[in-house]
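Below you'll find the structure, written out as C-alpha coordinates, and then a few comments.
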Amino acid sequence: MACFIQGVYLLELDRQENRTNQTALAPNWWIPFKYKLAESLIDERDGSIFGAIFEWDRSAALTDFVLVRPSGAPKAVLAFRGTLLKSPTIRRDIQDDLRFLAWESLKESVRFSTGLKAVRSISDKYGSSKICIAGHSLGAGFAVQVGRALAEDGIYVEAHLFNPPSVSVHSNLKSLGEKAGDIWKRFKDKLPSTAATTPGLQQWVPHLYVNNSDYICYNYTNADGAEKLKADKENAKSTNTPCVAAKLYVLSKAKQKFIEAHGLKQWWSDDLELQMAINNSKLISLQLKSLYNLPPTE
(Lines give C-alpha, C1' and ligand atoms only; values in the text may rest on other atoms or scores of the structure.)
Protein backbone atom coordinates (compact mmCIF):
# COMPACT_ATOMS: atom_id res chain seq x y z
CA MET A 1 0.00 0.00 0.00
CA ALA A 2 2.87 2.39 0.78
CA CYS A 3 4.37 1.69 -2.64
CA PHE A 4 1.09 2.57 -4.36
CA ILE A 5 1.07 5.89 -2.49
CA GLN A 6 4.66 6.53 -3.58
CA GLY A 7 3.43 5.92 -7.10
CA VAL A 8 0.90 8.74 -6.68
CA TYR A 9 3.61 11.13 -5.46
CA LEU A 10 5.66 10.28 -8.54
CA LEU A 11 2.68 10.59 -10.89
CA GLU A 12 2.48 14.25 -9.90
CA LEU A 13 6.27 14.74 -10.04
CA ASP A 14 6.36 13.09 -13.49
CA ARG A 15 3.68 15.55 -14.58
CA GLN A 16 5.62 18.51 -13.22
CA GLU A 17 8.84 17.37 -14.90
CA ASN A 18 7.06 16.62 -18.21
CA ARG A 19 8.37 13.06 -18.25
CA THR A 20 7.20 10.79 -21.07
CA ASN A 21 5.89 7.24 -20.83
CA GLN A 22 9.46 6.06 -21.49
CA THR A 23 11.06 8.19 -18.76
CA ALA A 24 8.27 8.21 -16.14
CA LEU A 25 9.27 6.94 -12.69
CA ALA A 26 5.82 6.30 -11.24
CA PRO A 27 4.96 2.96 -12.96
CA ASN A 28 7.90 1.25 -11.23
CA TRP A 29 5.88 1.42 -8.00
CA TRP A 30 2.85 -0.61 -9.10
CA ILE A 31 3.88 -2.75 -12.09
CA PRO A 32 5.98 -5.20 -9.98
CA PHE A 33 2.83 -5.99 -7.97
CA LYS A 34 0.85 -6.76 -11.17
CA TYR A 35 -1.38 -3.72 -10.91
CA LYS A 36 -2.18 -1.10 -13.53
CA LEU A 37 -3.12 2.56 -13.35
CA ALA A 38 -6.87 2.82 -13.97
CA GLU A 39 -7.45 6.51 -13.22
CA SER A 40 -5.61 9.56 -11.91
CA LEU A 41 -7.54 11.89 -9.60
CA ILE A 42 -7.05 15.52 -10.60
CA ASP A 43 -7.47 18.59 -8.40
CA GLU A 44 -9.48 20.95 -10.59
CA ARG A 45 -8.01 23.96 -8.76
CA ASP A 46 -4.44 23.49 -10.02
CA GLY A 47 -4.53 20.43 -12.27
CA SER A 48 -2.34 18.39 -9.90
CA ILE A 49 -2.63 14.64 -9.36
CA PHE A 50 -3.50 13.93 -5.72
CA GLY A 51 -4.72 10.36 -5.96
CA ALA A 52 -5.01 7.35 -8.22
CA ILE A 53 -6.93 4.13 -8.69
CA PHE A 54 -4.89 0.98 -9.28
CA GLU A 55 -6.52 -2.25 -10.47
CA TRP A 56 -5.30 -5.84 -10.53
CA ASP A 57 -3.77 -6.49 -13.97
CA ARG A 58 -4.75 -10.04 -14.79
CA SER A 59 -3.04 -10.11 -18.18
CA ALA A 60 0.28 -8.93 -16.71
CA ALA A 61 -0.05 -11.51 -13.96
CA LEU A 62 -0.67 -14.34 -16.45
CA THR A 63 2.35 -13.25 -18.46
CA ASP A 64 4.47 -13.95 -15.38
CA PHE A 65 2.55 -17.19 -14.69
CA VAL A 66 0.65 -15.75 -11.73
CA LEU A 67 -2.57 -17.65 -12.34
CA VAL A 68 -4.67 -16.30 -9.47
CA ARG A 69 -4.74 -13.07 -7.52
CA PRO A 70 -2.95 -13.60 -4.18
CA SER A 71 -5.22 -14.12 -1.20
CA GLY A 72 -6.01 -10.79 0.44
CA ALA A 73 -4.81 -8.70 -2.50
CA PRO A 74 -7.54 -6.20 -3.42
CA LYS A 75 -8.96 -5.94 -6.91
CA ALA A 76 -8.61 -2.16 -6.73
CA VAL A 77 -6.79 0.37 -4.55
CA LEU A 78 -7.50 4.09 -4.18
CA ALA A 79 -4.34 5.84 -2.95
CA PHE A 80 -3.93 9.46 -1.82
CA ARG A 81 -0.59 11.28 -1.65
CA GLY A 82 0.33 13.81 1.00
CA THR A 83 1.78 17.32 0.79
CA LEU A 84 4.31 18.10 -1.94
CA LEU A 85 6.39 21.19 -1.23
CA LYS A 86 6.80 22.07 -4.90
CA SER A 87 5.67 25.36 -6.39
CA PRO A 88 2.97 23.88 -8.69
CA THR A 89 1.22 22.10 -5.78
CA ILE A 90 2.27 23.75 -2.54
CA ARG A 91 -0.53 26.32 -2.46
CA ARG A 92 -3.43 23.85 -2.64
CA ASP A 93 -1.69 21.24 -0.49
CA ILE A 94 -1.01 23.74 2.28
CA GLN A 95 -4.56 25.08 1.95
CA ASP A 96 -5.91 21.62 2.75
CA ASP A 97 -3.32 21.15 5.52
CA LEU A 98 -4.57 24.35 7.15
CA ARG A 99 -8.17 23.26 6.62
CA PHE A 100 -7.47 20.13 8.65
CA LEU A 101 -5.46 22.02 11.25
CA ALA A 102 -8.32 24.46 11.84
CA TRP A 103 -11.38 22.22 11.57
CA GLU A 104 -10.16 18.60 11.51
CA SER A 105 -12.31 18.17 8.44
CA LEU A 106 -11.49 17.98 4.75
CA LYS A 107 -15.04 17.63 3.49
CA GLU A 108 -15.05 21.13 1.99
CA SER A 109 -12.07 20.27 -0.22
CA VAL A 110 -12.67 19.29 -3.84
CA ARG A 111 -10.29 16.38 -3.23
CA PHE A 112 -12.68 14.86 -0.70
CA SER A 113 -15.67 14.88 -3.04
CA THR A 114 -13.57 13.59 -5.94
CA GLY A 115 -12.07 10.81 -3.82
CA LEU A 116 -15.44 9.79 -2.38
CA LYS A 117 -16.97 9.59 -5.85
CA ALA A 118 -14.03 7.48 -7.07
CA VAL A 119 -14.17 4.98 -4.22
CA ARG A 120 -17.94 4.60 -4.58
CA SER A 121 -17.36 3.82 -8.25
CA ILE A 122 -14.86 1.01 -7.61
CA SER A 123 -16.99 -0.27 -4.72
CA ASP A 124 -19.95 -0.60 -7.09
CA LYS A 125 -17.72 -2.29 -9.67
CA TYR A 126 -15.90 -4.81 -7.45
CA GLY A 127 -17.71 -4.86 -4.12
CA SER A 128 -16.56 -3.12 -0.94
CA SER A 129 -14.82 -6.24 0.39
CA LYS A 130 -12.49 -6.39 -2.63
CA ILE A 131 -11.18 -2.83 -2.60
CA CYS A 132 -8.94 -0.80 -0.34
CA ILE A 133 -8.07 2.84 0.34
CA ALA A 134 -4.68 4.13 1.45
CA GLY A 135 -3.03 7.45 2.16
CA HIS A 136 0.03 9.13 3.64
CA SER A 137 0.09 12.27 5.79
CA LEU A 138 -2.51 14.67 4.34
CA GLY A 139 -3.55 11.82 2.05
CA ALA A 140 -4.22 9.66 5.12
CA GLY A 141 -6.46 12.46 6.37
CA PHE A 142 -8.48 12.25 3.15
CA ALA A 143 -8.53 8.46 3.27
CA VAL A 144 -9.86 8.30 6.83
CA GLN A 145 -12.59 10.83 6.09
CA VAL A 146 -13.60 9.12 2.85
CA GLY A 147 -13.65 5.78 4.70
CA ARG A 148 -15.72 7.27 7.47
CA ALA A 149 -18.22 8.75 4.98
CA LEU A 150 -18.63 5.30 3.41
CA ALA A 151 -19.04 3.67 6.83
CA GLU A 152 -21.84 6.10 7.65
CA ASP A 153 -23.66 4.61 4.66
CA GLY A 154 -22.95 1.07 5.82
CA ILE A 155 -20.12 0.49 3.32
CA TYR A 156 -16.95 -0.83 4.97
CA VAL A 157 -13.67 -0.83 3.04
CA GLU A 158 -10.19 -1.81 4.15
CA ALA A 159 -8.04 1.24 4.88
CA HIS A 160 -4.29 1.69 5.42
CA LEU A 161 -3.29 5.08 6.84
CA PHE A 162 0.39 6.02 7.07
CA ASN A 163 1.44 8.91 9.35
CA PRO A 164 -2.14 10.22 9.60
CA PRO A 165 -2.43 13.80 10.91
CA SER A 166 -3.50 14.03 14.54
CA VAL A 167 -2.82 17.66 15.47
CA SER A 168 -5.56 20.25 15.06
CA VAL A 169 -6.93 23.28 16.82
CA HIS A 170 -10.38 21.70 16.60
CA SER A 171 -9.40 18.58 18.55
CA ASN A 172 -7.67 20.68 21.19
CA LEU A 173 -10.84 22.70 21.66
CA LYS A 174 -12.79 19.45 21.91
CA SER A 175 -10.56 18.25 24.73
CA LEU A 176 -11.36 21.36 26.75
CA GLY A 177 -14.97 20.26 26.97
CA GLU A 178 -14.27 16.64 27.81
CA LYS A 179 -14.53 17.00 31.58
CA ALA A 180 -17.87 18.76 31.33
CA GLY A 181 -18.98 16.17 28.77
CA ASP A 182 -18.00 13.29 31.07
CA ILE A 183 -20.00 14.79 33.93
CA TRP A 184 -23.05 15.15 31.68
CA LYS A 185 -22.59 11.59 30.38
CA ARG A 186 -22.52 10.17 33.91
CA PHE A 187 -25.73 12.03 34.69
CA LYS A 188 -27.40 11.02 31.42
CA ASP A 189 -26.46 7.35 31.88
CA LYS A 190 -28.52 7.31 35.06
CA LEU A 191 -31.63 8.40 33.17
CA PRO A 192 -33.95 5.86 31.49
CA SER A 193 -32.81 5.33 27.92
CA THR A 194 -35.29 5.63 25.06
CA ALA A 195 -32.77 5.53 22.22
CA ALA A 196 -32.98 2.62 19.84
CA THR A 197 -29.85 0.51 19.60
CA THR A 198 -28.49 -1.26 16.56
CA PRO A 199 -27.38 -4.76 17.58
CA GLY A 200 -24.66 -6.25 15.42
CA LEU A 201 -23.71 -2.98 13.72
CA GLN A 202 -20.45 -3.75 11.95
CA GLN A 203 -17.41 -1.66 12.82
CA TRP A 204 -15.11 0.05 10.37
CA VAL A 205 -11.61 -0.74 11.62
CA PRO A 206 -8.88 1.15 9.74
CA HIS A 207 -5.19 0.22 9.91
CA LEU A 208 -3.06 3.10 11.23
CA TYR A 209 0.74 3.20 10.93
CA VAL A 210 2.48 5.76 13.14
CA ASN A 211 6.04 6.57 14.19
CA ASN A 212 6.47 7.61 17.81
CA SER A 213 8.98 10.29 16.73
CA ASP A 214 6.52 11.91 14.31
CA TYR A 215 4.82 14.84 16.05
CA ILE A 216 2.14 15.02 13.34
CA CYS A 217 0.65 11.62 14.19
CA TYR A 218 1.90 10.83 17.71
CA ASN A 219 -1.45 11.74 19.33
CA TYR A 220 -2.86 8.47 18.04
CA THR A 221 -0.79 6.65 20.66
CA ASN A 222 -2.40 8.52 23.57
CA ALA A 223 -4.63 5.96 25.20
CA ASP A 224 -7.91 6.72 26.88
CA GLY A 225 -7.72 6.54 30.63
CA ALA A 226 -8.13 3.05 32.05
CA GLU A 227 -11.24 4.07 33.96
CA LYS A 228 -12.86 5.50 30.84
CA LEU A 229 -11.97 2.43 28.79
CA LYS A 230 -13.56 0.19 31.41
CA ALA A 231 -16.69 2.34 31.43
CA ASP A 232 -16.88 2.27 27.62
CA LYS A 233 -16.61 -1.51 27.57
CA GLU A 234 -19.34 -1.87 30.18
CA ASN A 235 -21.52 0.51 28.19
CA ALA A 236 -20.88 -1.47 25.02
CA LYS A 237 -22.00 -4.67 26.74
CA SER A 238 -25.19 -3.13 28.04
CA THR A 239 -26.20 -1.39 24.80
CA ASN A 240 -24.86 -3.82 22.18
CA THR A 241 -22.74 -0.96 20.86
CA PRO A 242 -19.20 -1.99 19.85
CA CYS A 243 -16.17 -0.23 21.34
CA VAL A 244 -14.39 2.19 19.05
CA ALA A 245 -11.22 0.62 17.73
CA ALA A 246 -8.58 0.63 15.02
CA LYS A 247 -5.58 -1.55 14.25
CA LEU A 248 -2.73 0.71 15.32
CA TYR A 249 0.83 -0.22 14.36
CA VAL A 250 3.67 1.74 15.94
CA LEU A 251 7.24 2.03 14.71
CA SER A 252 9.37 2.61 17.79
CA LYS A 253 12.99 3.59 17.19
CA ALA A 254 15.54 5.82 18.82
CA LYS A 255 14.73 9.50 18.43
CA GLN A 256 14.58 10.32 14.72
CA LYS A 257 14.53 13.53 12.76
CA PHE A 258 11.05 14.59 11.72
CA ILE A 259 11.75 14.15 8.00
CA GLU A 260 12.61 10.48 8.63
CA ALA A 261 9.85 9.81 11.15
CA HIS A 262 7.19 11.28 8.86
CA GLY A 263 8.57 9.82 5.63
CA LEU A 264 6.80 7.19 3.55
CA LYS A 265 9.80 5.03 2.65
CA GLN A 266 10.17 3.72 6.21
CA TRP A 267 7.05 1.61 5.67
CA TRP A 268 8.62 -0.60 2.98
CA SER A 269 12.02 -0.84 4.70
CA ASP A 270 13.56 -4.32 4.89
CA ASP A 271 14.27 -3.93 8.61
CA LEU A 272 10.79 -2.67 9.48
CA GLU A 273 9.65 -3.88 12.89
CA LEU A 274 6.10 -2.95 13.86
CA GLN A 275 4.37 -3.58 17.13
CA MET A 276 0.63 -3.80 17.56
CA ALA A 277 -0.25 -1.07 20.01
CA ILE A 278 -3.40 0.05 21.78
CA ASN A 279 -6.50 -0.52 19.69
CA ASN A 280 -8.46 2.20 21.43
CA SER A 281 -7.02 5.70 21.71
CA LYS A 282 -8.42 9.05 22.70
CA LEU A 283 -8.13 10.43 19.16
CA ILE A 284 -9.59 7.33 17.52
CA SER A 285 -12.55 7.62 19.88
CA LEU A 286 -13.09 11.27 18.92
CA GLN A 287 -12.93 10.58 15.19
CA LEU A 288 -14.83 7.30 14.89
CA LYS A 289 -17.23 6.99 17.81
CA SER A 290 -20.10 8.69 15.99
CA LEU A 291 -20.11 5.89 13.43
CA TYR A 292 -21.39 3.41 15.98
CA ASN A 293 -24.46 5.39 17.00
CA LEU A 294 -25.96 5.45 13.54
CA PRO A 295 -29.45 4.21 12.66
CA PRO A 296 -29.54 0.89 10.80
CA THR A 297 -29.28 1.09 7.01
CA GLU A 298 -32.05 -0.33 4.89
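Ligands are numbered from 1 in the order shown, chains are lettered A, B, ... in the order of the C-alpha coordinates, and residues start at 1 in each chain.
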Please identify all polymer residues within 9 Å of A:Ile155, counting only C-alpha atoms, omitting same-chain residues fewer than 6 positions from it, and present them as a PyMOL selection string.
chain A and resi 123+128+147+149+204
I'd like to know which of A:Arg111, A:Leu11, A:Phe258, A:Cys132 is closest to A:Glu55, using only C-alpha atoms.
A:Cys132
So the first atom is atom CA of A:Ala134 and the second is atom CA of A:Phe112; what is the distance between them in Å, to one decimal place?
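Separation between atom CA of A:Ala134 and atom CA of A:Phe112: 13.6 Å.
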Excluding same-chain residues fewer than 2 positions from A:Phe50, what lies within 10 Å of it counting only C-alpha atoms, as an MDAnalysis selection string?
chainID A and resid 5 8:9 11:12 40:43 47:48 52 79:84 89 93 111 115 139
With DSSP run on the backbone, what are the alpha helix (DSSP H) residues within stretch 30-178 of chain A? I'd like them as a ChimeraX atom specification.
/A:58-63,90-103,110-126,138-152,169-176,178
Test item, strand (DSSP E) assignment across stretch 84-139 of chain A, answer as number ranges by chain:
A: 131-136
Which residues, written as a ChimeraX atom specification, have at least one atom at most 8 Å from A:Leu274, with only C-alpha atoms counted and residues fewer than 3 positions away on the same chain left out?
/A:249-252
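Closest to A:Val157 among A:Trp103, A:Pro88, A:Phe142, A:Leu78 is A:Leu78, based on only C-alpha atoms.
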